[in-house]
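Asker: So here's start-v3.txt, just compact mmCIF, C-alpha atoms and all ligand atoms:
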# COMPACT_ATOMS: atom_id res chain seq x y z
CA MET A 1 -32.95 16.97 -19.39
CA SER A 2 -33.11 13.32 -20.43
CA LYS A 3 -33.40 10.51 -17.89
CA VAL A 4 -29.84 9.39 -18.67
CA GLU A 5 -28.45 12.89 -18.07
CA LYS A 6 -30.38 13.13 -14.79
CA ALA A 7 -29.11 9.76 -13.54
CA LYS A 8 -26.00 9.86 -11.34
CA ARG A 9 -22.76 9.31 -13.22
CA LYS A 10 -21.23 5.94 -12.39
CA ILE A 11 -17.49 6.33 -11.95
CA SER A 12 -14.96 3.60 -11.36
CA PHE A 13 -11.34 3.71 -10.17
CA PRO A 14 -8.82 0.87 -10.23
CA HIS A 15 -8.23 -0.98 -6.95
CA MET A 16 -5.13 -0.69 -4.81
CA GLY A 17 -5.54 -2.08 -1.32
CA THR A 18 -8.40 -0.32 0.46
CA ILE A 19 -8.27 2.92 -1.55
CA SER A 20 -11.78 2.31 -2.98
CA TYR A 21 -13.29 3.26 0.42
CA ALA A 22 -11.77 6.73 0.15
CA TRP A 23 -12.61 7.55 -3.46
CA SER A 24 -16.13 6.13 -3.07
CA ALA A 25 -16.77 8.63 -0.26
CA ALA A 26 -15.48 11.55 -2.36
CA LEU A 27 -17.67 10.56 -5.31
CA ARG A 28 -20.77 10.17 -3.14
CA ILE A 29 -20.21 13.66 -1.69
CA ILE A 30 -20.02 15.30 -5.13
CA GLY A 31 -23.23 13.54 -6.21
CA CYS A 32 -21.78 10.75 -8.37
CA GLU A 33 -22.23 7.01 -7.97
CA PRO A 34 -19.04 5.12 -7.14
CA PHE A 35 -18.88 1.95 -9.19
CA VAL A 36 -16.66 -0.49 -7.32
CA GLU A 37 -15.73 -3.36 -9.63
CA PRO A 38 -14.93 -6.77 -8.09
CA TYR A 39 -11.64 -6.75 -6.18
CA THR A 40 -8.65 -7.59 -8.36
CA SER A 41 -8.64 -11.31 -9.06
CA LYS A 42 -7.26 -13.88 -11.49
CA LYS A 43 -10.01 -12.83 -13.89
CA ALA A 44 -8.84 -9.19 -13.90
CA LEU A 45 -5.26 -10.37 -14.28
CA SER A 46 -6.01 -12.56 -17.29
CA LEU A 47 -8.14 -9.82 -18.94
CA GLY A 48 -5.35 -7.28 -18.43
CA THR A 49 -2.60 -9.64 -19.55
CA LYS A 50 -4.52 -10.54 -22.69
CA HIS A 51 -4.85 -6.92 -23.82
CA ALA A 52 -1.57 -5.42 -22.56
CA PRO A 53 1.93 -5.41 -24.08
CA GLU A 54 3.75 -8.50 -22.78
CA ALA A 55 6.69 -6.72 -21.12
CA ILE A 56 4.73 -3.98 -19.38
CA CYS A 57 4.74 -3.97 -15.60
CA LEU A 58 2.18 -5.87 -13.54
CA PRO A 59 0.21 -2.87 -12.15
CA TYR A 60 -0.69 -1.80 -15.71
CA LYS A 61 -2.14 -5.24 -16.49
CA LEU A 62 -4.15 -5.33 -13.28
CA ILE A 63 -5.49 -1.80 -13.73
CA LEU A 64 -6.52 -2.55 -17.31
CA GLY A 65 -8.24 -5.72 -16.06
CA ASN A 66 -10.09 -3.70 -13.39
CA PHE A 67 -11.31 -1.25 -16.03
CA ILE A 68 -12.53 -3.96 -18.39
CA GLU A 69 -14.47 -5.58 -15.54
CA ALA A 70 -15.90 -2.19 -14.51
CA ILE A 71 -17.02 -1.31 -18.04
CA GLU A 72 -18.56 -4.71 -18.62
CA GLY A 73 -20.28 -4.32 -15.25
CA GLY A 74 -21.92 -1.08 -16.38
CA THR A 75 -19.82 1.92 -15.30
CA ASP A 76 -20.11 5.15 -17.34
CA TYR A 77 -16.65 6.50 -16.53
CA VAL A 78 -13.29 5.01 -15.64
CA ALA A 79 -10.86 7.23 -13.77
CA MET A 80 -7.12 6.79 -13.78
CA ILE A 81 -4.57 8.29 -11.42
CA THR A 82 -1.57 9.56 -13.35
CA SER A 83 1.58 11.44 -12.67
CA PRO A 84 4.54 12.58 -14.70
CA GLY A 85 7.67 10.61 -13.98
CA CYS A 86 10.82 9.02 -15.21
CA CYS A 87 9.17 5.59 -15.49
CA ARG A 88 6.23 4.18 -17.43
CA LEU A 89 3.63 5.61 -15.07
CA GLY A 90 3.61 8.84 -17.09
CA GLU A 91 2.46 6.85 -20.13
CA TYR A 92 0.00 4.55 -18.37
CA GLY A 93 -2.98 6.86 -18.79
CA LYS A 94 -2.70 7.35 -22.54
CA CYS A 95 -1.93 3.66 -23.13
CA ILE A 96 -4.92 2.50 -21.10
CA ALA A 97 -7.27 5.00 -22.80
CA ASN A 98 -6.06 3.79 -26.22
CA ALA A 99 -6.38 0.13 -25.24
CA LEU A 100 -9.99 0.65 -24.11
CA THR A 101 -10.86 2.51 -27.34
CA ASP A 102 -9.25 -0.23 -29.45
CA LEU A 103 -11.32 -2.80 -27.59
CA GLY A 104 -14.44 -0.87 -28.61
CA TYR A 105 -15.50 0.28 -25.13
CA GLU A 106 -17.41 3.52 -24.95
CA ALA A 107 -17.02 4.40 -21.28
CA LYS A 108 -15.55 7.87 -20.81
CA TYR A 109 -12.01 8.14 -19.53
CA LEU A 110 -11.05 10.60 -16.78
CA GLU A 111 -7.61 11.44 -15.40
CA LEU A 112 -6.61 12.54 -11.93
CA GLN A 113 -3.25 14.32 -12.08
CA LEU A 114 -1.93 13.53 -8.62
CA TYR A 115 1.22 15.61 -8.71
CA ASP A 116 -0.84 18.75 -9.36
CA GLY A 117 -1.77 18.41 -5.67
CA LEU A 118 -5.05 19.92 -4.50
CA LYS A 119 -5.49 21.69 -7.85
CA GLY A 120 -5.33 18.35 -9.68
CA MET A 121 -7.94 16.86 -7.34
CA TYR A 122 -10.18 19.89 -7.73
CA ASN A 123 -10.02 19.73 -11.54
CA PHE A 124 -10.80 16.04 -11.45
CA LEU A 125 -13.89 16.52 -9.26
CA LEU A 126 -15.03 19.34 -11.57
CA GLU A 127 -14.81 17.09 -14.60
CA ALA A 128 -16.34 14.09 -12.82
CA SER A 129 -19.34 15.92 -11.38
CA GLY A 130 -19.94 18.38 -14.22
CA LYS A 131 -20.64 21.15 -11.69
CA ASN A 132 -18.45 23.76 -10.06
CA ASN A 133 -18.99 23.69 -6.31
CA PRO A 134 -15.77 24.55 -4.42
CA PHE A 135 -17.34 23.95 -1.00
CA LEU A 136 -18.50 20.47 -1.95
CA PHE A 137 -15.14 19.62 -3.55
CA CYS A 138 -13.16 20.73 -0.47
CA ARG A 139 -15.43 18.56 1.68
CA ALA A 140 -15.00 15.59 -0.65
CA ILE A 141 -11.19 15.89 -0.62
CA PHE A 142 -11.08 16.34 3.15
CA ILE A 143 -13.30 13.34 3.89
CA ALA A 144 -11.41 11.12 1.43
CA MET A 145 -8.14 12.07 3.16
CA LEU A 146 -9.55 11.40 6.63
CA LYS A 147 -10.64 7.96 5.44
CA VAL A 148 -7.20 7.20 4.04
CA PHE A 149 -5.59 8.05 7.40
CA LEU A 150 -8.15 5.98 9.28
CA LEU A 151 -7.69 3.01 6.94
CA ASP A 152 -3.91 3.11 7.30
CA LYS A 153 -4.24 3.25 11.08
CA LEU A 154 -6.55 0.25 10.94
CA GLU A 155 -4.03 -1.70 8.86
CA THR A 156 -1.28 -0.97 11.38
CA ARG A 157 -3.53 -2.39 14.10
CA LEU A 158 -4.35 -5.40 11.92
CA SER A 159 -0.67 -6.18 11.50
CA TYR A 160 -0.08 -5.93 15.26
CA CYS A 161 -3.01 -8.25 16.04
CA ARG A 162 -2.31 -10.76 13.27
CA ALA A 163 1.16 -11.52 14.57
CA ARG A 164 -0.20 -12.12 18.11
CA GLU A 165 -3.71 -13.51 17.61
CA ILE A 166 -4.64 -16.62 19.56
CA ASN A 167 -7.25 -17.89 17.09
CA GLN A 168 -6.01 -17.72 13.53
CA GLY A 169 -8.20 -15.53 11.31
CA ASP A 170 -9.68 -13.57 14.23
CA ALA A 171 -7.90 -10.31 13.39
CA GLU A 172 -8.97 -10.54 9.75
CA LYS A 173 -12.60 -11.09 10.77
CA HIS A 174 -12.70 -7.96 12.95
CA TYR A 175 -10.75 -6.00 10.36
CA ASN A 176 -13.38 -6.77 7.71
CA LYS A 177 -16.11 -5.61 10.09
CA SER A 178 -14.12 -2.42 10.73
CA LEU A 179 -13.91 -1.72 6.99
CA LYS A 180 -17.71 -1.88 6.79
CA ILE A 181 -17.97 0.59 9.68
CA ILE A 182 -15.63 3.08 7.96
CA ASP A 183 -17.60 2.78 4.73
CA GLN A 184 -20.83 3.88 6.45
CA TYR A 185 -19.69 7.39 7.40
CA ASP A 186 -19.00 10.33 5.08
CA THR A 187 -18.84 13.22 7.57
CA VAL A 188 -16.19 14.47 10.01
CA LEU A 189 -18.35 13.64 13.03
CA GLY A 190 -19.29 10.30 11.53
CA LEU A 191 -15.63 9.39 10.99
CA ARG A 192 -14.80 10.35 14.56
CA LYS A 193 -17.49 7.90 15.66
CA ALA A 194 -16.19 5.29 13.17
CA SER A 195 -12.69 5.65 14.61
CA LYS A 196 -14.03 4.83 18.09
CA LEU A 197 -16.10 1.89 16.83
CA VAL A 198 -13.16 0.49 14.88
CA LYS A 199 -10.97 0.67 17.99
CA GLU A 200 -13.61 -1.24 19.94
CA GLU A 201 -13.99 -3.78 17.14
CA MET A 202 -10.26 -4.49 16.89
CA SER A 203 -9.94 -4.75 20.67
CA LYS A 204 -12.18 -7.85 20.46
CA VAL A 205 -9.31 -9.78 18.81
CA GLU A 206 -7.88 -12.19 21.36
CA ILE A 207 -4.13 -11.72 21.39
CA ASN A 208 -1.09 -12.81 23.35
CA PRO A 209 0.65 -9.45 23.97
CA ASN A 210 3.75 -11.23 25.34
CA LYS A 211 4.33 -13.35 22.26
CA GLU A 212 7.80 -12.94 20.84
CA VAL A 213 7.28 -11.69 17.28
CA LEU A 214 9.58 -10.67 14.48
CA TYR A 215 9.44 -7.18 12.98
CA VAL A 216 9.69 -6.75 9.23
CA ASP A 217 9.42 -3.67 7.04
CA ILE A 218 7.97 -3.96 3.55
CA THR A 219 9.09 -1.66 0.79
CA GLY A 220 9.10 -1.68 -3.01
CA GLU A 221 6.86 -0.34 -5.74
CA ILE A 222 3.90 1.40 -4.08
CA TYR A 223 1.15 -0.47 -5.95
CA LEU A 224 2.57 -3.91 -5.14
CA VAL A 225 3.35 -2.99 -1.57
CA ASN A 226 -0.24 -1.91 -0.92
CA ASP A 227 -2.22 -4.30 -3.09
CA GLU A 228 -2.88 -7.68 -1.51
CA PHE A 229 -3.73 -9.47 -4.75
CA SER A 230 -0.54 -8.52 -6.52
CA ASN A 231 1.69 -9.21 -3.51
CA GLN A 232 -0.18 -12.50 -2.87
CA ASN A 233 -1.28 -11.23 0.52
CA ILE A 234 2.23 -11.22 1.91
CA GLU A 235 1.19 -9.47 5.12
CA LYS A 236 -1.30 -12.20 5.94
CA GLU A 237 1.30 -14.89 5.32
CA LEU A 238 3.84 -13.12 7.50
CA GLY A 239 1.25 -12.55 10.23
CA ARG A 240 0.51 -16.28 10.22
CA MET A 241 4.24 -16.87 10.85
CA GLY A 242 4.26 -14.45 13.82
CA VAL A 243 5.72 -11.46 12.00
CA GLN A 244 4.53 -7.89 12.53
CA VAL A 245 4.77 -5.90 9.33
CA ARG A 246 5.25 -2.20 8.79
CA ARG A 247 5.10 -0.15 5.57
CA SER A 248 6.33 3.40 5.07
CA LEU A 249 4.96 3.47 1.53
CA THR A 250 1.29 4.02 2.31
CA VAL A 251 -1.38 6.14 0.69
CA SER A 252 -1.41 8.44 3.72
CA SER A 253 2.37 8.99 3.51
CA PHE A 254 1.96 9.73 -0.19
CA LEU A 255 -0.78 12.29 0.60
CA LYS A 256 1.51 14.02 3.09
CA ASP A 257 4.21 14.39 0.45
CA ALA A 258 2.18 15.16 -2.66
CA ILE A 259 -1.13 16.70 -1.60
CA ILE A 260 -1.17 18.15 1.92
CA PRO A 261 0.32 21.67 2.02
CA LYS A 262 3.54 22.02 4.08
CA ALA A 263 1.88 24.21 6.71
CA PHE A 264 -0.43 21.35 7.71
CA ARG A 265 2.22 18.61 7.97
CA LYS A 266 3.76 17.47 11.21
CA GLY A 267 7.29 16.06 11.42
CA GLU A 268 9.46 14.65 8.67
CA THR A 269 7.56 13.12 5.73
CA HIS A 270 8.53 9.88 4.02
CA LEU A 271 10.00 11.71 1.02
CA GLN A 272 11.98 14.10 3.22
CA ARG A 273 13.39 11.10 5.11
CA ALA A 274 14.09 9.38 1.80
CA ASN A 275 16.13 12.35 0.58
CA ARG A 276 18.09 12.38 3.82
CA LEU A 277 18.81 8.65 4.22
CA ALA A 278 19.24 7.62 0.57
CA LYS A 279 21.88 10.30 -0.15
CA PRO A 280 25.01 8.15 0.37
CA TYR A 281 23.71 5.59 -2.14
CA LEU A 282 21.38 7.43 -4.53
CA MET A 283 21.71 11.13 -5.16
CA ARG A 284 18.39 11.91 -6.82
CA ASP A 285 14.93 10.69 -7.62
CA ILE A 286 15.11 8.24 -10.55
CA GLY A 287 11.37 7.64 -10.80
CA GLY A 288 8.90 5.27 -9.18
CA ASP A 289 9.74 4.62 -5.54
CA ALA A 290 13.44 3.80 -5.85
CA LEU A 291 14.62 6.65 -3.62
CA GLU A 292 12.11 5.69 -0.93
CA CYS A 293 13.09 2.01 -1.14
CA VAL A 294 16.80 2.67 -0.69
CA SER A 295 16.07 4.94 2.26
CA ASP A 296 13.62 2.41 3.76
CA VAL A 297 16.43 -0.16 3.95
CA ALA A 298 18.67 2.34 5.75
CA TYR A 299 15.79 3.33 8.05
CA ALA A 300 14.93 -0.27 8.95
CA ASN A 301 18.60 -0.97 9.67
CA GLU A 302 18.83 2.15 11.85
CA ARG A 303 15.89 0.92 13.96
CA GLY A 304 17.32 -2.58 14.39
CA ILE A 305 14.38 -4.24 12.61
CA ASP A 306 14.69 -8.01 11.99
CA GLY A 307 14.49 -7.78 8.18
CA ILE A 308 13.10 -5.95 5.16
CA ILE A 309 11.26 -7.30 2.13
CA HIS A 310 11.45 -5.49 -1.18
CA ILE A 311 8.61 -6.25 -3.62
CA SER A 312 8.76 -5.12 -7.22
CA PRO A 313 7.05 -5.90 -10.51
CA PHE A 314 9.08 -7.70 -13.16
CA THR A 315 10.56 -5.11 -15.60
CA CYS A 316 9.98 -2.19 -13.21
CA MET A 317 12.86 0.11 -14.13
CA PRO A 318 13.27 2.15 -10.90
CA GLU A 319 13.09 -0.97 -8.72
CA ILE A 320 15.72 -2.77 -10.83
CA MET A 321 17.96 0.19 -9.96
CA SER A 322 17.19 0.08 -6.24
CA GLN A 323 17.79 -3.69 -6.11
CA ASN A 324 21.20 -3.11 -7.62
CA ILE A 325 22.01 -0.57 -4.94
CA PHE A 326 21.23 -2.94 -2.04
CA PRO A 327 24.52 -4.91 -2.32
CA ALA A 328 26.46 -1.64 -1.99
CA MET A 329 24.46 -0.84 1.16
CA ARG A 330 25.76 -4.02 2.83
CA GLU A 331 28.87 -2.09 3.90
CA ASN A 332 26.81 -0.03 6.34
CA CYS A 333 23.59 -2.01 6.73
CA GLU A 334 23.59 -5.53 8.08
CA ILE A 335 19.83 -6.03 7.94
CA PRO A 336 18.64 -9.10 5.96
CA ILE A 337 16.89 -8.09 2.71
CA LEU A 338 14.56 -10.35 0.72
CA PRO A 339 13.91 -9.11 -2.84
CA LEU A 340 10.73 -10.49 -4.45
CA ILE A 341 9.95 -9.90 -8.12
CA MET A 342 6.34 -10.45 -9.13
CA ASP A 343 4.58 -10.98 -12.42
CA GLU A 344 1.59 -12.94 -13.70
CA GLN A 345 3.71 -16.12 -13.75
CA THR A 346 4.72 -16.00 -10.08
CA GLY A 347 3.76 -19.30 -8.48
CA ARG A 348 2.41 -19.40 -4.96
CA ALA A 349 4.27 -22.43 -3.60
CA GLY A 350 7.76 -21.15 -4.43
CA TYR A 351 6.86 -17.70 -3.17
CA ILE A 352 5.69 -18.99 0.23
CA THR A 353 8.79 -21.19 0.53
CA ARG A 354 11.02 -18.15 0.07
CA ILE A 355 9.13 -16.18 2.70
CA GLU A 356 9.28 -19.10 5.16
CA ALA A 357 13.02 -19.48 4.61
CA PHE A 358 13.50 -15.73 5.20
CA VAL A 359 11.48 -15.84 8.42
CA ASP A 360 13.52 -18.81 9.58
CA LEU A 361 16.75 -16.93 8.84
CA MET A 362 15.56 -13.86 10.76
CA ARG A 363 14.47 -15.97 13.73
CA ARG A 364 17.82 -17.75 13.98
CA ARG A 365 19.69 -14.45 13.59
CA LYS A 366 17.61 -12.87 16.36
CA ARG A 367 18.23 -15.80 18.74
CA ARG A 368 21.95 -15.75 18.01
CA ARG A 369 22.08 -12.04 18.79
CA GLN A 370 20.11 -12.50 21.99
CA MET A 371 22.49 -15.28 23.12
CA GLN A 372 25.50 -13.09 22.30
CA LYS A 373 24.03 -10.25 24.34
CA ILE A 374 23.40 -12.54 27.32
CA SER A 375 26.91 -13.98 27.22
CA GLU A 376 28.40 -10.48 27.02
CA GLN A 377 26.38 -9.39 30.08
CA THR A 378 27.15 -12.50 32.17
CA PRO A 379 30.39 -12.03 34.15
CA ASN A 380 32.95 -14.82 33.83
CA GLN A 381 32.30 -17.64 36.33
CA PRO A 382 34.99 -17.78 38.99
CA THR A 383 37.07 -20.92 38.69
CA ASN A 384 37.77 -23.24 41.67
CA SER A 385 41.50 -23.01 41.24
CA THR A 386 43.26 -21.03 43.91
CA VAL A 387 46.01 -18.66 43.01
S1 LIG B 401 7.28 2.29 -10.83
FE1 LIG B 401 7.73 0.43 -11.96
S2 LIG B 401 5.84 -0.73 -11.91
FE2 LIG B 401 5.31 1.34 -11.35
S3 LIG B 401 4.78 2.28 -13.32
FE3 LIG B 401 6.94 2.71 -13.00
S4 LIG B 401 8.00 1.05 -14.10
FE4 LIG B 401 5.88 0.40 -13.82
What would you get if you wrote out this structure as structure tokens?
Answerer:
Amino acid sequence: MSKVEKAKRKISFPHMGTISYAWSAALRIIGCEPFVEPYTSKKALSLGTKHAPEAICLPYKLILGNFIEAIEGGTDYVAMITSPGCCRLGEYGKCIANALTDLGYEAKYLELQLYDGLKGMYNFLLEASGKNNPFLFCRAIFIAMLKVFLLDKLETRLSYCRAREINQGDAEKHYNKSLKIIDQYDTVLGLRKASKLVKEEMSKVEINPNKEVLYVDITGEIYLVNDEFSNQNIEKELGRMGVQVRRSLTVSSFLKDAIIPKAFRKGETHLQRANRLAKPYLMRDIGGDALECVSDVAYANERGIDGIIHISPFTCMPEIMSQNIFPAMRENCEIPILPLIMDEQTGRAGYITRIEAFVDLMRRRKRRRQMQKISEQTPNQPTNSTV
């Protein structure tokens, strides 16, 4: 066997939030070398934009940019997550593979068919590792899933702390340390220990638990909702303004719907809730995350949340549909909705101004409601006049 064949295969995935921590663990377990390219940046965006069709959606451009950076950095393989669907996602894989070939890159292209569930993951690991070891593959999948759940839990804690931190940037500092802790462990016992350490780390953030914060749900296209570069770190901005953010569209919720067998799930999943709550407005899945978005608005309204932000890429077909359904939802849902459409031209200043204005609106609305409640509870003052 030649030295090159003996060397570990370097495999790279595109970024999306903190997902690289999970796939890196799975690749290490099967004996490959995870190649983590620099986090998505303006450089990746301009590389992707330069080599992508102009009207294609933003995630495609960013993923292509990630791949170009990974290949130029020395990866042997690039792996793409694909799924069939009514939108462009079904075509992403082939388009990206063709674009890389046209650019003259020789890195091999792998595909992970997510909607084939565990079978799709197994086939991917088989192709990536070049060996058939069911035990190892089951371990890799299990550990990657545990990491995803731990990372999502950590992000929920981050959002809670950010909105209440006393020293700005404190929560972020401890969050980054927690990410490093999670990255160190690739076993069940190790992750149990990591979970404890992360809890301790995040408890060091000095917070004001009595601070009056606003609660906002974020929904939209899953990539933009979870990727801080493409959503211009909206959660950080909102946290700075004293807003606690919550997302239903997370990687762990996706795993529950698409990968984890029914017997192992607890409670109603996001997709099941989407089918239930979106029904009056949207009868069936029309691709992307439109069904989930419509139901997320109804769900946020049901819980009396202060507002909901919908983030979508410019030209995203399913999200254009969901945005057009929101006005019809006004009849039953009085929650404020802020739609944000992102592309490579989106300027930061205007974007922040819109978020600030929305936060201001929610704050005034909340105060008005609180005053109304107080005046309804206060009995009428007796007058001095005698009858
Ligand atoms: S959901 Fe929208 S952004 Fe995502 S691949 Fe489909 S069309 Fe593009």
Asker: Return the single residue from A:Ala357, A:Ile325, A:Ile260, A:Met283 that is closest to Tyr115 in chain A, with distances computed using only C-alpha atoms.
Answerer: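 Closest to Tyr115 in chain A of all the choices is A:Ile260.
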Asker: To one decimal place in Å, what is the distance between CA of Gln272 in chain A and CA of Ile218 in chain A?
Answerer: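 CA of Ile218 in chain A lies at a distance of 18.5 Å from CA of Gln272 in chain A.
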Asker: Ranking A:Tyr175, A:Phe35, A:Tyr77, A:Phe314 by minimum distance to ligand LIG 401 (chain B) and counting only C-alpha atoms and all ligand atoms, which one comes first?
Answerer: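 Among the listed residues, the smallest separation from ligand LIG 401 (chain B) belongs to A:Phe314.
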Asker: Quick one, how far is CA of Thr40 in chain A from CA of Gln232 in chain A?
Answerer: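 We find that CA of Thr40 in chain A and CA of Gln232 in chain A lie 11.2 Å from each other.
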Asker: Axis-aligned box over every listed atom of ligand LIG 401 (chain B), padded by 4 Å per side: centre and edges in Å to one decimal, as JSON?
Answerer:
{"center_x": 6.4, "center_y": 1.0, "center_z": -12.5, "size_x": 11.2, "size_y": 11.4, "size_z": 11.3}
Asker: With a distance cut-off of 9 Å and only C-alpha atoms, select the neighbouring residues of Glu292 in chain A, excluding the residue or stretch itself and same-chain residues fewer than 5 positions from it, and output the selection as a list in words.
Answerer: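 Surrounding residues, per the criterion: Thr219, Gly220, Ser248, Leu249, His270, Leu271, Arg273, Ala274, Asn275, Leu277, Ala278, Asp285 and Val297 of chain A.
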Asker: Distance CA of Asn98 in chain A-CA of Tyr60 in chain A, one decimal place?
Answerer: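 Interatomic distance, CA of Asn98 in chain A to CA of Tyr60 in chain A: 13.1 Å.
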